[in-house]
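Shown next: final15.pdb, given as PDB, C-alpha atoms.
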```
ATOM      1  CA  GLN A 154      -7.593 -14.386  -5.495
ATOM      2  CA  GLN A 155      -3.907 -13.694  -5.218
ATOM      3  CA  LYS A 156      -2.695 -13.307  -1.642
ATOM      4  CA  VAL A 157       0.359 -12.225   0.273
ATOM      5  CA  GLN A 158       0.755 -13.675   3.771
ATOM      6  CA  GLN A 159       2.946 -11.944   6.360
ATOM      7  CA  SER A 160       4.366 -13.183   9.636
ATOM      8  CA  PRO A 161       4.596 -12.556  12.478
ATOM      9  CA  GLU A 162       1.636 -10.278  13.186
ATOM     10  CA  SER A 163       3.664  -8.307  15.709
ATOM     11  CA  LEU A 164       7.247  -8.186  16.905
ATOM     12  CA  SER A 165       9.131  -6.561  19.788
ATOM     13  CA  VAL A 166      12.899  -6.159  19.692
ATOM     14  CA  PRO A 167      15.338  -4.276  21.947
ATOM     15  CA  GLU A 168      17.065  -1.166  20.637
ATOM     16  CA  GLY A 169      20.112  -2.286  18.665
ATOM     17  CA  GLY A 170      18.608  -5.693  17.945
ATOM     18  CA  MET A 171      17.634  -7.451  14.714
ATOM     19  CA  ALA A 172      14.045  -7.373  13.426
ATOM     20  CA  SER A 173      12.964  -9.954  10.840
ATOM     21  CA  PHE A 174       9.814 -10.038   8.753
ATOM     22  CA  ASN A 175       8.500 -12.780   6.469
ATOM     23  CA  CYS A 176       6.213 -12.757   3.455
ATOM     24  CA  THR A 177       4.895 -15.610   1.307
ATOM     25  CA  SER A 178       2.977 -15.095  -1.915
ATOM     26  CA  SER A 179       0.419 -17.429  -3.444
ATOM     27  CA  ASP A 180       1.016 -16.854  -7.142
ATOM     28  CA  ARG A 181       4.133 -17.415  -9.265
ATOM     29  CA  ASN A 182       3.033 -14.472 -11.445
ATOM     30  CA  PHE A 183       4.219 -12.129  -8.695
ATOM     31  CA  GLN A 184       7.418 -10.643 -10.123
ATOM     32  CA  TYR A 185       8.195  -7.509  -8.152
ATOM     33  CA  PHE A 186       8.363  -7.248  -4.384
ATOM     34  CA  TRP A 187       8.497  -4.150  -2.210
ATOM     35  CA  TRP A 188       8.689  -3.493   1.499
ATOM     36  CA  TYR A 189       6.802  -0.478   2.823
ATOM     37  CA  ARG A 190       6.730   1.064   6.280
ATOM     38  CA  GLN A 191       3.851   3.033   7.783
ATOM     39  CA  HIS A 192       4.091   5.198  10.871
ATOM     40  CA  SER A 193       0.907   6.041  12.719
ATOM     41  CA  GLY A 194      -1.171   8.716  10.974
ATOM     42  CA  GLU A 195       0.895   8.619   7.781
ATOM     43  CA  GLY A 196       0.731   6.868   4.429
ATOM     44  CA  PRO A 197       3.066   3.939   3.713
ATOM     45  CA  LYS A 198       6.587   4.800   2.491
ATOM     46  CA  ALA A 199       8.730   2.509   0.390
ATOM     47  CA  LEU A 200      11.791   1.020   2.081
ATOM     48  CA  MET A 201      13.226  -1.122  -0.680
ATOM     49  CA  SER A 202      12.443  -3.353  -3.609
ATOM     50  CA  ILE A 203      13.738  -6.763  -4.602
ATOM     51  CA  PHE A 204      13.130  -8.318  -8.000
ATOM     52  CA  SER A 205      15.822 -11.027  -8.288
ATOM     53  CA  ASP A 206      16.623 -14.111  -6.224
ATOM     54  CA  GLY A 207      19.147 -13.549  -3.462
ATOM     55  CA  ASP A 208      19.964 -10.765  -1.043
ATOM     56  CA  LYS A 209      19.800  -6.994  -1.445
ATOM     57  CA  LYS A 210      21.270  -4.683   1.174
ATOM     58  CA  GLU A 211      20.547  -0.993   1.691
ATOM     59  CA  GLY A 212      22.095   0.436   4.842
ATOM     60  CA  ARG A 213      20.593  -1.289   7.884
ATOM     61  CA  PHE A 214      17.993  -3.079   5.729
ATOM     62  CA  THR A 215      18.484  -6.421   3.948
ATOM     63  CA  ALA A 216      15.850  -8.096   1.786
ATOM     64  CA  HIS A 217      15.967 -11.688   0.590
ATOM     65  CA  LEU A 218      13.934 -13.256  -2.223
ATOM     66  CA  ASN A 219      13.458 -16.914  -3.107
ATOM     67  CA  LYS A 220      11.109 -17.133  -6.073
ATOM     68  CA  ALA A 221      11.060 -20.952  -6.042
ATOM     69  CA  SER A 222       9.486 -20.936  -2.569
ATOM     70  CA  LEU A 223       7.568 -17.682  -3.182
ATOM     71  CA  HIS A 224       9.209 -16.261  -0.041
ATOM     72  CA  VAL A 225      10.590 -12.807   0.649
ATOM     73  CA  SER A 226      11.991 -11.485   3.916
ATOM     74  CA  LEU A 227      13.235  -8.213   5.396
ATOM     75  CA  HIS A 228      15.809  -7.831   8.162
ATOM     76  CA  ILE A 229      16.603  -4.636  10.029
ATOM     77  CA  ARG A 230      19.842  -4.616  11.985
ATOM     78  CA  ASP A 231      20.632  -2.165  14.792
ATOM     79  CA  SER A 232      16.917  -1.413  15.229
ATOM     80  CA  GLN A 233      16.043   2.071  16.507
ATOM     81  CA  PRO A 234      12.910   3.326  18.307
ATOM     82  CA  SER A 235      12.093   5.314  15.142
ATOM     83  CA  ASP A 236      11.788   1.963  13.308
ATOM     84  CA  SER A 237       8.644   1.229  15.341
ATOM     85  CA  ALA A 238       5.912   1.081  12.698
ATOM     86  CA  LEU A 239       3.735  -1.205  10.584
ATOM     87  CA  TYR A 240       5.687  -3.069   7.873
ATOM     88  CA  PHE A 241       4.046  -4.315   4.680
ATOM     89  CA  CYS A 242       5.162  -6.633   1.950
ATOM     90  CA  ALA A 243       3.709  -5.745  -1.477
ATOM     91  CA  ALA A 244       3.838  -7.958  -4.548
ATOM     92  CA  SER A 245       3.150  -6.846  -8.081
ATOM     93  CA  LEU A 246       1.673  -9.058 -10.731
ATOM     94  CA  SER A 247       3.030  -8.778 -14.224
ATOM     95  CA  ASN A 248       0.680 -10.855 -16.337
ATOM     96  CA  THR A 249      -1.270  -9.225 -19.174
ATOM     97  CA  GLY A 250       0.303  -5.846 -18.399
ATOM     98  CA  ASN A 251      -1.711  -5.370 -15.203
ATOM     99  CA  TYR A 252       0.860  -4.356 -12.607
ATOM    100  CA  LYS A 253      -1.437  -3.972  -9.630
ATOM    101  CA  TYR A 254       0.009  -4.468  -6.180
ATOM    102  CA  VAL A 255      -1.245  -6.863  -3.509
ATOM    103  CA  PHE A 256      -0.330  -5.950   0.057
ATOM    104  CA  GLY A 257       0.007  -8.254   3.040
ATOM    105  CA  ALA A 258      -1.778  -7.553   6.320
ATOM    106  CA  GLY A 259       1.397  -6.186   7.890
ATOM    107  CA  THR A 260       3.708  -6.817  10.843
ATOM    108  CA  ARG A 261       3.737  -4.319  13.700
ATOM    109  CA  LEU A 262       7.233  -3.668  15.033
ATOM    110  CA  LYS A 263       7.953  -2.178  18.430
ATOM    111  CA  VAL A 264      11.547  -1.296  19.255
ATOM    112  CA  ILE A 265      12.042  -1.028  22.998
ATOM    113  CA  ALA A 266      14.582   1.554  24.170
TER     114      ALA A 266
ATOM    115  CA  GLU B 169       9.202  17.979  -4.966
ATOM    116  CA  ALA B 170       5.663  18.064  -3.593
ATOM    117  CA  GLY B 171       4.276  14.739  -2.479
ATOM    118  CA  VAL B 172       0.841  13.224  -3.008
ATOM    119  CA  THR B 173      -1.817  15.391  -1.397
ATOM    120  CA  GLN B 174      -5.250  14.254  -0.262
ATOM    121  CA  SER B 175      -8.264  15.998   1.165
ATOM    122  CA  PRO B 176     -10.069  15.978   3.435
ATOM    123  CA  ARG B 177      -7.871  14.334   6.092
ATOM    124  CA  TYR B 178     -10.860  13.214   8.149
ATOM    125  CA  ALA B 179     -14.562  12.638   7.478
ATOM    126  CA  VAL B 180     -17.380  11.512   9.782
ATOM    127  CA  LEU B 181     -20.721  10.501   8.228
ATOM    128  CA  GLN B 182     -23.998   8.900   9.083
ATOM    129  CA  GLU B 183     -24.939   5.757   7.137
ATOM    130  CA  GLY B 184     -26.503   6.656   3.808
ATOM    131  CA  GLN B 185     -24.606   9.900   3.341
ATOM    132  CA  ALA B 186     -22.290  10.560   0.405
ATOM    133  CA  VAL B 187     -18.637  11.593   0.562
ATOM    134  CA  SER B 188     -15.906  12.457  -1.932
ATOM    135  CA  PHE B 189     -12.170  12.142  -1.552
ATOM    136  CA  TRP B 190      -9.734  14.147  -3.651
ATOM    137  CA  CYS B 191      -6.169  13.276  -4.650
ATOM    138  CA  ASP B 192      -3.434  15.306  -6.332
ATOM    139  CA  PRO B 193      -0.596  12.976  -7.414
ATOM    140  CA  ILE B 194       3.052  13.846  -7.895
ATOM    141  CA  SER B 195       3.509  15.851 -11.079
ATOM    142  CA  GLY B 196       4.463  13.648 -14.018
ATOM    143  CA  HIS B 197       3.219  10.405 -12.449
ATOM    144  CA  ASP B 198       0.923   8.748 -14.958
ATOM    145  CA  THR B 199      -0.345   5.946 -12.693
ATOM    146  CA  LEU B 200      -2.693   6.627  -9.780
ATOM    147  CA  TYR B 201      -4.044   4.127  -7.245
ATOM    148  CA  TRP B 202      -6.842   4.261  -4.675
ATOM    149  CA  TYR B 203      -6.641   1.883  -1.711
ATOM    150  CA  GLN B 204      -8.900   1.132   1.241
ATOM    151  CA  GLN B 205      -7.067   0.376   4.480
ATOM    152  CA  PRO B 206      -9.184  -0.946   7.368
ATOM    153  CA  ARG B 207      -7.697  -0.344  10.813
ATOM    154  CA  ASP B 208      -4.573  -2.473  11.458
ATOM    155  CA  GLN B 209      -4.754  -4.122   8.015
ATOM    156  CA  GLY B 210      -2.870  -3.748   4.770
ATOM    157  CA  PRO B 211      -3.982  -1.464   1.934
ATOM    158  CA  GLN B 212      -6.472  -3.139  -0.421
ATOM    159  CA  LEU B 213      -6.585  -1.900  -4.006
ATOM    160  CA  LEU B 214      -9.896  -0.408  -5.103
ATOM    161  CA  VAL B 215      -9.013   0.995  -8.531
ATOM    162  CA  TYR B 216      -6.058   2.232 -10.519
ATOM    163  CA  PHE B 217      -5.609   4.507 -13.535
ATOM    164  CA  ARG B 218      -2.983   5.009 -16.168
ATOM    165  CA  ASP B 219      -3.503   8.583 -17.318
ATOM    166  CA  GLU B 220      -7.319   8.944 -17.507
ATOM    167  CA  ALA B 221      -8.030   5.269 -18.261
ATOM    168  CA  VAL B 222      -9.193   2.780 -15.641
ATOM    169  CA  ILE B 223      -6.842  -0.236 -15.738
ATOM    170  CA  ASP B 224      -8.341  -2.300 -12.918
ATOM    171  CA  ASN B 225     -11.509  -1.623 -10.920
ATOM    172  CA  SER B 226     -12.358  -5.235 -10.136
ATOM    173  CA  GLN B 227     -12.327  -4.598  -6.358
ATOM    174  CA  LEU B 228     -14.386  -1.399  -6.474
ATOM    175  CA  PRO B 229     -17.949  -1.906  -5.111
ATOM    176  CA  SER B 230     -19.513  -0.412  -8.226
ATOM    177  CA  ASP B 231     -22.976  -0.035  -6.770
ATOM    178  CA  ARG B 232     -21.805   2.655  -4.331
ATOM    179  CA  PHE B 233     -18.227   3.607  -5.217
ATOM    180  CA  SER B 234     -17.022   5.529  -8.235
ATOM    181  CA  ALA B 235     -13.655   6.979  -9.224
ATOM    182  CA  VAL B 236     -12.605   9.337 -11.993
ATOM    183  CA  ARG B 237      -9.411  10.915 -13.259
ATOM    184  CA  PRO B 238     -10.731  13.031 -16.135
ATOM    185  CA  LYS B 239      -7.546  14.791 -17.306
ATOM    186  CA  GLY B 240      -5.050  12.208 -16.139
ATOM    187  CA  THR B 241      -3.946  14.336 -13.208
ATOM    188  CA  ASN B 242      -6.170  14.791 -10.119
ATOM    189  CA  SER B 243      -8.631  12.100  -9.109
ATOM    190  CA  THR B 244     -11.838  11.861  -7.079
ATOM    191  CA  LEU B 245     -13.180   8.798  -5.274
ATOM    192  CA  LYS B 246     -16.848   8.977  -4.271
ATOM    193  CA  ILE B 247     -18.966   6.838  -1.992
ATOM    194  CA  GLN B 248     -22.628   7.319  -2.869
ATOM    195  CA  SER B 249     -24.328   5.844   0.198
ATOM    196  CA  ALA B 250     -21.864   5.068   2.955
ATOM    197  CA  LYS B 251     -22.157   1.992   5.194
ATOM    198  CA  GLN B 252     -20.510   1.314   8.568
ATOM    199  CA  GLY B 253     -18.346  -1.289   6.830
ATOM    200  CA  ASP B 254     -16.778   1.504   4.758
ATOM    201  CA  THR B 255     -15.043   2.842   7.884
ATOM    202  CA  ALA B 256     -11.359   2.838   6.929
ATOM    203  CA  THR B 257      -8.523   5.049   5.740
ATOM    204  CA  TYR B 258      -8.600   5.782   2.011
ATOM    205  CA  LEU B 259      -5.134   6.105   0.520
ATOM    206  CA  CYS B 260      -4.118   7.554  -2.811
ATOM    207  CA  ALA B 261      -0.770   6.655  -4.372
ATOM    208  CA  SER B 262       0.977   7.564  -7.598
ATOM    209  CA  SER B 263       3.906   6.132  -9.536
ATOM    210  CA  PRO B 264       5.890   7.028 -12.665
ATOM    211  CA  GLY B 265       4.604   4.123 -14.728
ATOM    212  CA  THR B 266       4.110   0.520 -13.693
ATOM    213  CA  GLY B 267       6.195  -2.631 -13.975
ATOM    214  CA  GLY B 268       7.180  -2.767 -10.332
ATOM    215  CA  ARG B 269       7.764   0.942  -9.827
ATOM    216  CA  GLU B 270       7.690   2.507  -6.343
ATOM    217  CA  GLN B 271       4.350   3.886  -5.227
ATOM    218  CA  TYR B 272       4.273   7.217  -3.399
ATOM    219  CA  PHE B 273       1.405   7.454  -0.922
ATOM    220  CA  GLY B 274      -0.511  10.426   0.372
ATOM    221  CA  PRO B 275      -1.400  10.755   4.067
ATOM    222  CA  GLY B 276      -4.863   9.285   3.556
ATOM    223  CA  THR B 277      -8.401  10.261   4.485
ATOM    224  CA  ARG B 278      -9.700   8.620   7.655
ATOM    225  CA  LEU B 279     -13.415   7.910   7.207
ATOM    226  CA  THR B 280     -15.748   7.011  10.056
ATOM    227  CA  VAL B 281     -19.320   5.973   9.217
ATOM    228  CA  LEU B 282     -21.617   6.006  12.251
TER     229      LEU B 282
END
```

I'd like the structure from this file rewritten - as structure tokens, please.
Amino acid sequence: QQKVQQSPESLSVPEGGMASFNCTSSDRNFQYFWWYRQHSGEGPKALMSIFSDGDKKEGRFTAHLNKASLHVSLHIRDSQPSDSALYFCAASLSNTGNYKYVFGAGTRLKVIA
Amino acid sequence: EAGVTQSPRYAVLQEGQAVSFWCDPISGHDTLYWYQQPRDQGPQLLVYFRDEAVIDNSQLPSDRFSAVRPKGTNSTLKIQSAKQGDTATYLCASSPGTGGREQYFGPGTRLTVL
């Protein structure tokens, strides 16, 4: 069964600091990667996608993908208390036209004011 | 633009009871997903549709769970005889096609089975 492993399980950073999340997939058929964020009591919301090797920056968020090592990461600079949430990596398979997503277990971020 | 809506928001059942969850996706989104999210875990795909067709239901416990999307718009997920292990949040998401597209999630239905 295809899996997506996330680390760390939880993370605390001071306000204004850098938060970093890691994700490793188990299957080279994973082609599309997304980062989602979920605040308590809400559904997950997409932060950003990354489909090609290298870095992708959107505002305070930077994602990095290395397909050779099956590793994707997310970095949040200048973290704010409103960034406190559960962060998920999601990977989409592309074989045989079945584009289902596999989510990791998540990393809980707490930004301390 | 209205988001994905789900109802009910909460449900509390005794073991053996049945429950249905309803989802209204974003207008024009042809792909609809149902996920189960146990507390403090990631969403786990149960089933997904493209229009009215089931594309993948390999993780749906078929003996007690069923899902339909008869006109390719709204969808219903039903648990026939709930077990304590079904306690989780049930999330519906929609997307405009597949191939790595963003999924838009509803707020979820939090189910507790006593």

Of the candidates B:Leu200, B:Val187, B:Leu213, B:Leu181, which shows the shortest atom-to-atom distance to Asn225 of chain B, using only C-alpha atoms?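 Of all the options, B:Leu213 lies closest to Asn225 of chain B.
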
Which residue out of B:Asp231, B:Asp254, B:Asp208, B:Asp219 has the minimum interatomic distance to chain A when all atoms listed in the file are used?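 Closest residue, counting all atoms listed in the file: B:Asp208.
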
Write out as CSV the residues of chain A that have any atom within 7 Å of an atom of chain B, one row each with the nearest atom pair and its distance in Å to one decimal, counting all atoms listed in the file, sorted by chain and then rising number.
```
residue,atom,partner,partner_atom,distance
A:Tyr185,CA,B:Gly268,CA,5.3
A:Glu195,CA,B:Pro275,CA,4.9
A:Gly196,CA,B:Pro275,CA,4.4
A:Pro197,CA,B:Phe273,CA,6.0
A:Lys198,CA,B:Phe273,CA,6.7
A:Ala199,CA,B:Glu270,CA,6.8
A:Phe241,CA,B:Gly210,CA,6.9
A:Ser245,CA,B:Gly268,CA,6.2
A:Ser247,CA,B:Gly267,CA,6.9
A:Tyr252,CA,B:Gly267,CA,5.8
A:Phe256,CA,B:Gly210,CA,5.8
A:Gly257,CA,B:Gly210,CA,5.6
A:Ala258,CA,B:Gly210,CA,4.3
A:Gly259,CA,B:Gly210,CA,5.8
```

Write a file of the just-selected residues containing C-alpha atoms, as a short mmCIF file (atom, residue, chain, number, x, y, z; two decimals), in the coordinates of the input.
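So out.cif came out as:
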```cif
data_model
loop_
_atom_site.label_atom_id
_atom_site.label_comp_id
_atom_site.auth_asym_id
_atom_site.auth_seq_id
_atom_site.Cartn_x
_atom_site.Cartn_y
_atom_site.Cartn_z
CA TYR A 185 8.20 -7.51 -8.15
CA GLU A 195 0.90 8.62 7.78
CA GLY A 196 0.73 6.87 4.43
CA PRO A 197 3.07 3.94 3.71
CA LYS A 198 6.59 4.80 2.49
CA ALA A 199 8.73 2.51 0.39
CA PHE A 241 4.05 -4.32 4.68
CA SER A 245 3.15 -6.85 -8.08
CA SER A 247 3.03 -8.78 -14.22
CA TYR A 252 0.86 -4.36 -12.61
CA PHE A 256 -0.33 -5.95 0.06
CA GLY A 257 0.01 -8.25 3.04
CA ALA A 258 -1.78 -7.55 6.32
CA GLY A 259 1.40 -6.19 7.89
#
```

Reference answer for the PyMOL selection byres ((chain A and resi 170-176) around 9), as number ranges by chain: A: 157-161, 164-169, 177-178, 223-233, 240-243, 257, 260, 262, 264

Between atom CA of Arg190 of chain A and atom CA of Ser163 of chain A, what is the distance in Å, rounded to a tenth?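 Interatomic distance here is 13.6 Å.
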
Taking all atoms listed in the file into account, name the residue in A:Gly207, A:Gly194, A:Pro234, A:Gly212 that is nearest to Lys263 of chain A.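 Closest candidate: A:Pro234.
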
Residue by residue, what does the PyMOL selection byres ((chain B and resi 230) around 12) grab here? Present the result as a ChimeraX atom specification. /B:214-215,225-229,231-235,245-249

Atom pair atom CA of Gln191 of chain A / atom CA of Arg207 of chain B: separation (Å): 12.4 Å

Hey, can I get the axis-aligned box for segment 229-244 of chain A? All listed atoms, 5 Å padding on each side, centre and edge lengths in Å to one decimal, as JSON.
```
{"center_x": 12.2, "center_y": -1.3, "center_z": 6.9, "size_x": 26.9, "size_y": 23.3, "size_z": 32.9}
```

When you look at segment 236-240 of chain B with a cut-off of 8 Å (counting only C-alpha atoms), what residues show up, excluding the ones that are within fewer than 5 positions of it in the same chain? I need them as JSON, numbers by chain. {"B": [198, 217, 218, 219, 220, 221, 245]}

I'd like the interatomic distance between atom CA of Ala216 of chain A and atom CA of Phe183 of chain A, to a tenth of an Å.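 Computing it gives 16.2 Å between the two atoms.
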
Expected residue set, 10 Å radius at (-15.6, 12.5, 10.2), all atoms listed in the file, as a count of residues only: 14

Name all residues at most 8 Å from His192 of chain A (count all atoms listed in the file; drop same-chain ones fewer than 5 positions away) and give them as a PyMOL selection string. chain A and resi 197+237-239

Could you check the closest approach to Ser235 of chain A for each of A:Ser179, A:Gln184, A:Ser222, A:Ser193 and tell me which residue wins, using all atoms listed in the file? A:Ser193

Give me the result of the PyMOL selection byres ((chain A and resi 203-205) around 6) on this file, residue by residue, as a list in words. Tyr185, Phe186, Ser202 and Asp206 of chain A

Write segment 209-226 of chain A as a PDB file, keeping the file's coordinate frame, completed to N, CA, C and O atoms.
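Saved as selection.pdb:
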```
ATOM      1  N   LYS A 209      19.577  -8.381  -1.053  1.00  0.00           N
ATOM      2  CA  LYS A 209      19.800  -6.994  -1.445  1.00  0.00           C
ATOM      3  C   LYS A 209      19.923  -6.183  -0.171  1.00  0.00           C
ATOM      4  O   LYS A 209      19.055  -6.268   0.689  1.00  0.00           O
ATOM      5  N   LYS A 210      21.007  -5.418  -0.052  1.00  0.00           N
ATOM      6  CA  LYS A 210      21.270  -4.683   1.174  1.00  0.00           C
ATOM      7  C   LYS A 210      21.250  -3.189   0.896  1.00  0.00           C
ATOM      8  O   LYS A 210      21.864  -2.724  -0.072  1.00  0.00           O
ATOM      9  N   GLU A 211      20.545  -2.448   1.757  1.00  0.00           N
ATOM     10  CA  GLU A 211      20.547  -0.993   1.691  1.00  0.00           C
ATOM     11  C   GLU A 211      20.657  -0.452   3.113  1.00  0.00           C
ATOM     12  O   GLU A 211      19.677  -0.427   3.851  1.00  0.00           O
ATOM     13  N   GLY A 212      21.884  -0.069   3.494  1.00  0.00           N
ATOM     14  CA  GLY A 212      22.095   0.436   4.842  1.00  0.00           C
ATOM     15  C   GLY A 212      21.817  -0.631   5.884  1.00  0.00           C
ATOM     16  O   GLY A 212      22.371  -1.725   5.824  1.00  0.00           O
ATOM     17  N   ARG A 213      20.922  -0.327   6.820  1.00  0.00           N
ATOM     18  CA  ARG A 213      20.593  -1.289   7.884  1.00  0.00           C
ATOM     19  C   ARG A 213      19.581  -2.347   7.430  1.00  0.00           C
ATOM     20  O   ARG A 213      19.261  -3.267   8.196  1.00  0.00           O
ATOM     21  N   PHE A 214      19.063  -2.219   6.213  1.00  0.00           N
ATOM     22  CA  PHE A 214      17.993  -3.079   5.729  1.00  0.00           C
ATOM     23  C   PHE A 214      18.529  -4.093   4.716  1.00  0.00           C
ATOM     24  O   PHE A 214      19.284  -3.731   3.813  1.00  0.00           O
ATOM     25  N   THR A 215      18.129  -5.360   4.892  1.00  0.00           N
ATOM     26  CA  THR A 215      18.484  -6.421   3.948  1.00  0.00           C
ATOM     27  C   THR A 215      17.230  -7.184   3.574  1.00  0.00           C
ATOM     28  O   THR A 215      16.499  -7.644   4.452  1.00  0.00           O
ATOM     29  N   ALA A 216      16.976  -7.306   2.276  1.00  0.00           N
ATOM     30  CA  ALA A 216      15.850  -8.096   1.786  1.00  0.00           C
ATOM     31  C   ALA A 216      16.388  -9.355   1.130  1.00  0.00           C
ATOM     32  O   ALA A 216      17.483  -9.368   0.565  1.00  0.00           O
ATOM     33  N   HIS A 217      15.590 -10.412   1.201  1.00  0.00           N
ATOM     34  CA  HIS A 217      15.967 -11.688   0.590  1.00  0.00           C
ATOM     35  C   HIS A 217      14.765 -12.222  -0.174  1.00  0.00           C
ATOM     36  O   HIS A 217      13.629 -12.187   0.313  1.00  0.00           O
ATOM     37  N   LEU A 218      15.003 -12.712  -1.387  1.00  0.00           N
ATOM     38  CA  LEU A 218      13.934 -13.256  -2.223  1.00  0.00           C
ATOM     39  C   LEU A 218      14.301 -14.655  -2.696  1.00  0.00           C
ATOM     40  O   LEU A 218      15.420 -14.895  -3.166  1.00  0.00           O
ATOM     41  N   ASN A 219      13.337 -15.568  -2.572  1.00  0.00           N
ATOM     42  CA  ASN A 219      13.458 -16.914  -3.107  1.00  0.00           C
ATOM     43  C   ASN A 219      12.194 -17.182  -3.919  1.00  0.00           C
ATOM     44  O   ASN A 219      11.145 -17.499  -3.363  1.00  0.00           O
ATOM     45  N   LYS A 220      12.295 -16.999  -5.228  1.00  0.00           N
ATOM     46  CA  LYS A 220      11.109 -17.133  -6.073  1.00  0.00           C
ATOM     47  C   LYS A 220      10.596 -18.568  -6.115  1.00  0.00           C
ATOM     48  O   LYS A 220       9.402 -18.791  -6.260  1.00  0.00           O
ATOM     49  N   ALA A 221      11.481 -19.543  -5.978  1.00  0.00           N
ATOM     50  CA  ALA A 221      11.060 -20.952  -6.042  1.00  0.00           C
ATOM     51  C   ALA A 221      10.095 -21.272  -4.909  1.00  0.00           C
ATOM     52  O   ALA A 221       9.132 -22.027  -5.082  1.00  0.00           O
ATOM     53  N   SER A 222      10.352 -20.703  -3.719  1.00  0.00           N
ATOM     54  CA  SER A 222       9.486 -20.936  -2.569  1.00  0.00           C
ATOM     55  C   SER A 222       8.483 -19.806  -2.361  1.00  0.00           C
ATOM     56  O   SER A 222       7.730 -19.815  -1.393  1.00  0.00           O
ATOM     57  N   LEU A 223       8.485 -18.831  -3.262  1.00  0.00           N
ATOM     58  CA  LEU A 223       7.568 -17.682  -3.182  1.00  0.00           C
ATOM     59  C   LEU A 223       7.715 -16.935  -1.849  1.00  0.00           C
ATOM     60  O   LEU A 223       6.735 -16.461  -1.283  1.00  0.00           O
ATOM     61  N   HIS A 224       8.956 -16.842  -1.349  1.00  0.00           N
ATOM     62  CA  HIS A 224       9.209 -16.261  -0.041  1.00  0.00           C
ATOM     63  C   HIS A 224      10.133 -15.054  -0.148  1.00  0.00           C
ATOM     64  O   HIS A 224      11.147 -15.079  -0.856  1.00  0.00           O
ATOM     65  N   VAL A 225       9.749 -13.991   0.562  1.00  0.00           N
ATOM     66  CA  VAL A 225      10.590 -12.807   0.649  1.00  0.00           C
ATOM     67  C   VAL A 225      10.669 -12.386   2.114  1.00  0.00           C
ATOM     68  O   VAL A 225       9.695 -12.566   2.872  1.00  0.00           O
ATOM     69  N   SER A 226      11.818 -11.894   2.523  1.00  0.00           N
ATOM     70  CA  SER A 226      11.991 -11.485   3.916  1.00  0.00           C
ATOM     71  C   SER A 226      12.700 -10.136   3.975  1.00  0.00           C
ATOM     72  O   SER A 226      13.321  -9.689   3.005  1.00  0.00           O
TER      73      SER A 226
END
```
